[in-house]
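The next block is query.txt, given as compact mmCIF, N, CA and C atoms.
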```txt
# COMPACT_ATOMS: atom_id res chain seq x y z
N MET A 26 51.76 99.65 88.25
CA MET A 26 50.46 99.05 88.45
C MET A 26 50.57 97.54 88.35
N VAL A 27 49.83 96.89 89.19
CA VAL A 27 49.84 95.44 89.20
C VAL A 27 48.40 94.95 89.26
N LEU A 28 48.10 93.93 88.49
CA LEU A 28 46.81 93.27 88.56
C LEU A 28 46.98 91.94 89.26
N SER A 29 46.09 91.64 90.18
CA SER A 29 46.15 90.35 90.87
C SER A 29 45.58 89.27 89.95
N GLY A 30 45.80 88.03 90.33
CA GLY A 30 45.24 86.91 89.58
C GLY A 30 43.73 87.01 89.49
N GLU A 31 43.11 87.43 90.59
CA GLU A 31 41.65 87.58 90.62
C GLU A 31 41.20 88.70 89.66
N ASP A 32 41.97 89.80 89.62
CA ASP A 32 41.66 90.91 88.70
C ASP A 32 41.71 90.43 87.25
N ILE A 33 42.70 89.63 86.95
CA ILE A 33 42.87 89.12 85.58
C ILE A 33 41.69 88.23 85.20
N LEU A 34 41.30 87.35 86.12
CA LEU A 34 40.15 86.47 85.84
C LEU A 34 38.87 87.28 85.64
N LYS A 35 38.68 88.30 86.46
CA LYS A 35 37.50 89.16 86.32
C LYS A 35 37.53 89.90 84.98
N PHE A 36 38.72 90.37 84.58
CA PHE A 36 38.84 91.07 83.31
C PHE A 36 38.54 90.12 82.15
N GLN A 37 39.03 88.88 82.23
CA GLN A 37 38.74 87.89 81.18
C GLN A 37 37.23 87.67 81.07
N ALA A 38 36.56 87.51 82.21
CA ALA A 38 35.12 87.27 82.21
C ALA A 38 34.37 88.48 81.64
N LEU A 39 34.77 89.66 82.03
CA LEU A 39 34.13 90.88 81.53
C LEU A 39 34.34 91.01 80.03
N TYR A 40 35.55 90.75 79.57
CA TYR A 40 35.87 90.85 78.14
C TYR A 40 35.00 89.88 77.35
N LYS A 41 34.86 88.67 77.85
CA LYS A 41 34.05 87.67 77.15
C LYS A 41 32.58 88.06 77.16
N SER A 42 32.08 88.54 78.30
CA SER A 42 30.66 88.88 78.38
C SER A 42 30.31 90.09 77.52
N GLU A 43 31.23 91.04 77.41
CA GLU A 43 30.95 92.26 76.65
C GLU A 43 31.26 92.11 75.15
N LEU A 44 32.33 91.39 74.82
CA LEU A 44 32.76 91.30 73.43
C LEU A 44 32.59 89.91 72.81
N GLY A 45 32.29 88.93 73.65
CA GLY A 45 32.12 87.58 73.14
C GLY A 45 33.40 86.91 72.70
N ILE A 46 34.53 87.40 73.20
CA ILE A 46 35.84 86.87 72.80
C ILE A 46 36.58 86.42 74.05
N GLU A 47 37.10 85.20 74.01
CA GLU A 47 37.93 84.72 75.11
C GLU A 47 39.37 85.16 74.86
N ILE A 48 40.00 85.64 75.92
CA ILE A 48 41.40 86.06 75.80
C ILE A 48 42.23 85.34 76.86
N SER A 49 43.49 85.19 76.59
CA SER A 49 44.40 84.52 77.52
C SER A 49 44.65 85.40 78.74
N LYS A 50 45.23 84.79 79.77
CA LYS A 50 45.57 85.56 80.97
C LYS A 50 46.60 86.64 80.64
N GLU A 51 47.52 86.32 79.74
CA GLU A 51 48.54 87.29 79.35
C GLU A 51 47.91 88.49 78.64
N ASP A 52 46.98 88.19 77.70
CA ASP A 52 46.30 89.28 77.00
C ASP A 52 45.44 90.10 77.96
N ALA A 53 44.77 89.40 78.88
CA ALA A 53 43.93 90.10 79.86
C ALA A 53 44.78 91.02 80.73
N TYR A 54 45.94 90.54 81.14
CA TYR A 54 46.84 91.36 81.95
C TYR A 54 47.28 92.60 81.17
N GLU A 55 47.72 92.38 79.92
CA GLU A 55 48.20 93.49 79.09
C GLU A 55 47.09 94.51 78.83
N LYS A 56 45.91 94.03 78.44
CA LYS A 56 44.80 94.94 78.16
C LYS A 56 44.32 95.64 79.43
N GLY A 57 44.33 94.93 80.55
CA GLY A 57 43.93 95.52 81.82
C GLY A 57 44.87 96.62 82.26
N ILE A 58 46.17 96.39 82.12
CA ILE A 58 47.17 97.41 82.48
C ILE A 58 47.00 98.63 81.58
N LYS A 59 46.77 98.40 80.29
CA LYS A 59 46.58 99.52 79.36
C LYS A 59 45.32 100.31 79.72
N LEU A 60 44.26 99.60 80.09
CA LEU A 60 43.01 100.27 80.48
C LEU A 60 43.22 101.10 81.74
N LEU A 61 43.91 100.55 82.71
CA LEU A 61 44.19 101.30 83.94
C LEU A 61 45.03 102.54 83.65
N GLY A 62 46.01 102.39 82.77
CA GLY A 62 46.84 103.54 82.39
C GLY A 62 46.01 104.63 81.73
N LEU A 63 45.11 104.22 80.84
CA LEU A 63 44.24 105.18 80.17
C LEU A 63 43.33 105.87 81.17
N MET A 64 42.74 105.10 82.07
CA MET A 64 41.83 105.68 83.06
C MET A 64 42.57 106.66 83.97
N SER A 65 43.78 106.33 84.37
CA SER A 65 44.50 107.24 85.26
C SER A 65 44.91 108.52 84.52
N ALA A 66 45.11 108.42 83.19
CA ALA A 66 45.46 109.60 82.41
C ALA A 66 44.24 110.48 82.14
N VAL A 67 43.09 109.85 81.97
CA VAL A 67 41.88 110.58 81.58
C VAL A 67 41.07 111.05 82.77
N TYR A 68 40.90 110.21 83.76
CA TYR A 68 40.01 110.54 84.86
C TYR A 68 40.74 111.38 85.90
N LYS A 69 40.28 112.57 86.06
CA LYS A 69 40.80 113.46 87.09
C LYS A 69 39.60 114.05 87.83
N PRO A 70 39.49 113.83 89.12
CA PRO A 70 38.38 114.43 89.86
C PRO A 70 38.43 115.95 89.73
N MET A 71 37.26 116.56 89.63
CA MET A 71 37.24 118.01 89.50
C MET A 71 36.97 118.68 90.84
N THR A 72 37.45 119.89 90.93
CA THR A 72 37.23 120.67 92.14
C THR A 72 35.83 121.28 92.08
N GLU A 73 35.39 121.79 93.20
CA GLU A 73 34.09 122.47 93.25
C GLU A 73 34.09 123.67 92.30
N LYS A 74 35.20 124.39 92.23
CA LYS A 74 35.31 125.56 91.35
C LYS A 74 35.17 125.14 89.89
N GLU A 75 35.83 124.05 89.50
CA GLU A 75 35.73 123.56 88.13
C GLU A 75 34.30 123.14 87.81
N TYR A 76 33.67 122.48 88.76
CA TYR A 76 32.27 122.05 88.58
C TYR A 76 31.37 123.26 88.36
N GLN A 77 31.54 124.29 89.16
CA GLN A 77 30.72 125.50 89.03
C GLN A 77 30.95 126.17 87.67
N LEU A 78 32.19 126.20 87.19
CA LEU A 78 32.48 126.77 85.88
C LEU A 78 31.78 125.99 84.76
N ILE A 79 31.79 124.69 84.87
CA ILE A 79 31.12 123.85 83.87
C ILE A 79 29.61 124.10 83.89
N GLN A 80 29.03 124.18 85.09
CA GLN A 80 27.59 124.43 85.19
C GLN A 80 27.23 125.80 84.60
N LYS A 81 28.05 126.79 84.86
CA LYS A 81 27.81 128.13 84.32
C LYS A 81 27.88 128.10 82.80
N HIS A 82 28.89 127.40 82.26
CA HIS A 82 29.04 127.29 80.80
C HIS A 82 27.81 126.62 80.19
N ARG A 83 27.33 125.56 80.82
CA ARG A 83 26.13 124.88 80.31
C ARG A 83 24.93 125.82 80.28
N LYS A 84 24.73 126.55 81.36
CA LYS A 84 23.60 127.48 81.43
C LYS A 84 23.74 128.59 80.39
N ASP A 85 24.97 129.06 80.19
CA ASP A 85 25.20 130.14 79.24
C ASP A 85 25.02 129.70 77.79
N THR A 86 25.38 128.46 77.48
CA THR A 86 25.35 128.00 76.09
C THR A 86 24.06 127.29 75.71
N LEU A 87 23.26 126.88 76.66
CA LEU A 87 22.03 126.15 76.34
C LEU A 87 21.08 126.96 75.46
N PRO A 88 20.83 128.25 75.74
CA PRO A 88 19.95 129.00 74.84
C PRO A 88 20.47 129.07 73.40
N LEU A 89 21.78 129.20 73.25
CA LEU A 89 22.37 129.24 71.91
C LEU A 89 22.18 127.90 71.19
N LEU A 90 22.35 126.82 71.92
CA LEU A 90 22.16 125.49 71.34
C LEU A 90 20.72 125.28 70.92
N LYS A 91 19.79 125.67 71.78
CA LYS A 91 18.36 125.53 71.45
C LYS A 91 18.01 126.33 70.20
N GLU A 92 18.54 127.54 70.11
CA GLU A 92 18.28 128.39 68.95
C GLU A 92 18.81 127.75 67.68
N LYS A 93 20.01 127.21 67.73
CA LYS A 93 20.59 126.57 66.54
C LYS A 93 19.81 125.33 66.15
N LEU A 94 19.34 124.58 67.13
CA LEU A 94 18.54 123.39 66.82
C LEU A 94 17.22 123.79 66.17
N GLN A 95 16.60 124.85 66.68
CA GLN A 95 15.33 125.30 66.11
C GLN A 95 15.51 125.80 64.68
N LYS A 96 16.65 126.38 64.38
CA LYS A 96 16.93 126.88 63.03
C LYS A 96 17.52 125.79 62.13
N ASN A 97 17.60 124.57 62.67
CA ASN A 97 18.19 123.44 61.93
C ASN A 97 19.63 123.70 61.51
N GLU A 98 20.35 124.48 62.29
CA GLU A 98 21.76 124.73 62.01
C GLU A 98 22.62 123.57 62.50
N ILE A 99 22.06 122.77 63.37
CA ILE A 99 22.74 121.57 63.88
C ILE A 99 21.87 120.38 63.55
N THR A 100 22.47 119.39 62.92
CA THR A 100 21.70 118.21 62.58
C THR A 100 21.81 117.19 63.71
N ARG A 101 20.74 116.52 63.97
CA ARG A 101 20.73 115.49 65.00
C ARG A 101 21.06 114.16 64.36
N LYS A 102 21.96 113.43 65.00
CA LYS A 102 22.31 112.10 64.49
C LYS A 102 21.28 111.09 64.97
N LYS A 103 20.83 110.27 64.06
CA LYS A 103 19.89 109.21 64.41
C LYS A 103 20.71 107.95 64.70
N ILE A 104 20.41 107.37 65.82
CA ILE A 104 21.16 106.17 66.22
C ILE A 104 20.32 104.95 65.96
```
Represent the structure of the file as structure tokens.
Amino acid sequence: MVLSGEDILKFQALYKSELGIEISKEDAYEKGIKLLGLMSAVYKPMTEKEYQLIQKHRKDTLPLLKEKLQKNEITRKKI
């Protein structure tokens, strides 16, 4: 993976706007490469079959979740 000079500058700007910290081009390159590596490891497009299985699981488990919430078996986190 390679980041262009423009990519590095954009990453520096994003890092500063989100975290309020200025980082060097070297740090931006290193952090950007690590982020891309993480994204490529984590993000995998799903097939239609996988999507349908997830939807079925959600529909099957939603009544159980509602029941547990009504019985206060699951606590809700306040943010």
query: Which residues in chain A does DSSP call alpha helix (DSSP H)? List them as a PyMOL selection string.
result: chain A and resi 30-44+50-67+73-95
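One finds atom N of A:Ser65 at 15.5 Å from atom C of A:Leu28.
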Take the point (47.6, 100.2, 86.4) as written in the file and pick out every residue within 7 Å of it, counting only C-alpha atoms; give the list as a PDB file with N, CA and C atoms, keeping the file's coordinate frame.
```pdb
ATOM      1  N   MET A  26      51.760  99.650  88.250  1.00  0.00           N
ATOM      2  CA  MET A  26      50.460  99.050  88.450  1.00  0.00           C
ATOM      3  C   MET A  26      50.570  97.540  88.350  1.00  0.00           C
ATOM      4  N   VAL A  27      49.830  96.890  89.190  1.00  0.00           N
ATOM      5  CA  VAL A  27      49.840  95.440  89.200  1.00  0.00           C
ATOM      6  C   VAL A  27      48.400  94.950  89.260  1.00  0.00           C
ATOM      7  N   ILE A  58      46.170  96.390  82.120  1.00  0.00           N
ATOM      8  CA  ILE A  58      47.170  97.410  82.480  1.00  0.00           C
ATOM      9  C   ILE A  58      47.000  98.630  81.580  1.00  0.00           C
ATOM     10  N   LEU A  61      43.910 100.550  82.710  1.00  0.00           N
ATOM     11  CA  LEU A  61      44.190 101.300  83.940  1.00  0.00           C
ATOM     12  C   LEU A  61      45.030 102.540  83.650  1.00  0.00           C
ATOM     13  N   GLY A  62      46.010 102.390  82.770  1.00  0.00           N
ATOM     14  CA  GLY A  62      46.840 103.540  82.390  1.00  0.00           C
ATOM     15  C   GLY A  62      46.010 104.630  81.730  1.00  0.00           C
TER      16      GLY A  62
END
```
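Distance-wise, atom CA of A:Leu34 and atom CA of A:Lys69 end up 27.0 Å apart.
Separating atom CA of A:Glu43 from atom CA of A:Ala66 is a distance of 23.3 Å.
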query: Hey, which of A:Leu89, A:Asn97, A:Asp32, A:Met71 ends up closest to A:Ala53? Count all atoms listed in the file.
result: A:Asp32
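Taking only C-alpha atoms into account, A:Gly30 lies nearest to A:Lys50 out of the set A:Tyr68, A:Ser42, A:Lys50, A:Lys74.
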query: Hey, which of A:Gly45, A:Ile33, A:Leu39, A:Tyr76 ends up closest to A:Gly57? Count all atoms listed in the file.
result: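 That would be A:Ile33, the residue with the smallest distance to A:Gly57.
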Can you tell me, as lines of an AutoDock Vina configuration file, the centre and edge lengths (Å, one decimal) of the axis-aligned box enclosing all of stretch 76-84 of chain A's listed atoms after padding each side by 6 Å?
```
center_x = 28.6
center_y = 125.3
center_z = 84.7
size_x = 22.1
size_y = 18.5
size_z = 21.0
```
- request: May I ask which of the residues A:Lys96, A:Gln80, A:Ser49, A:Leu87 is the closest one to A:Gln37, counting only C-alpha atoms?
  value: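 Of the candidates, the smallest distance to A:Gln37 is held by A:Ser49.
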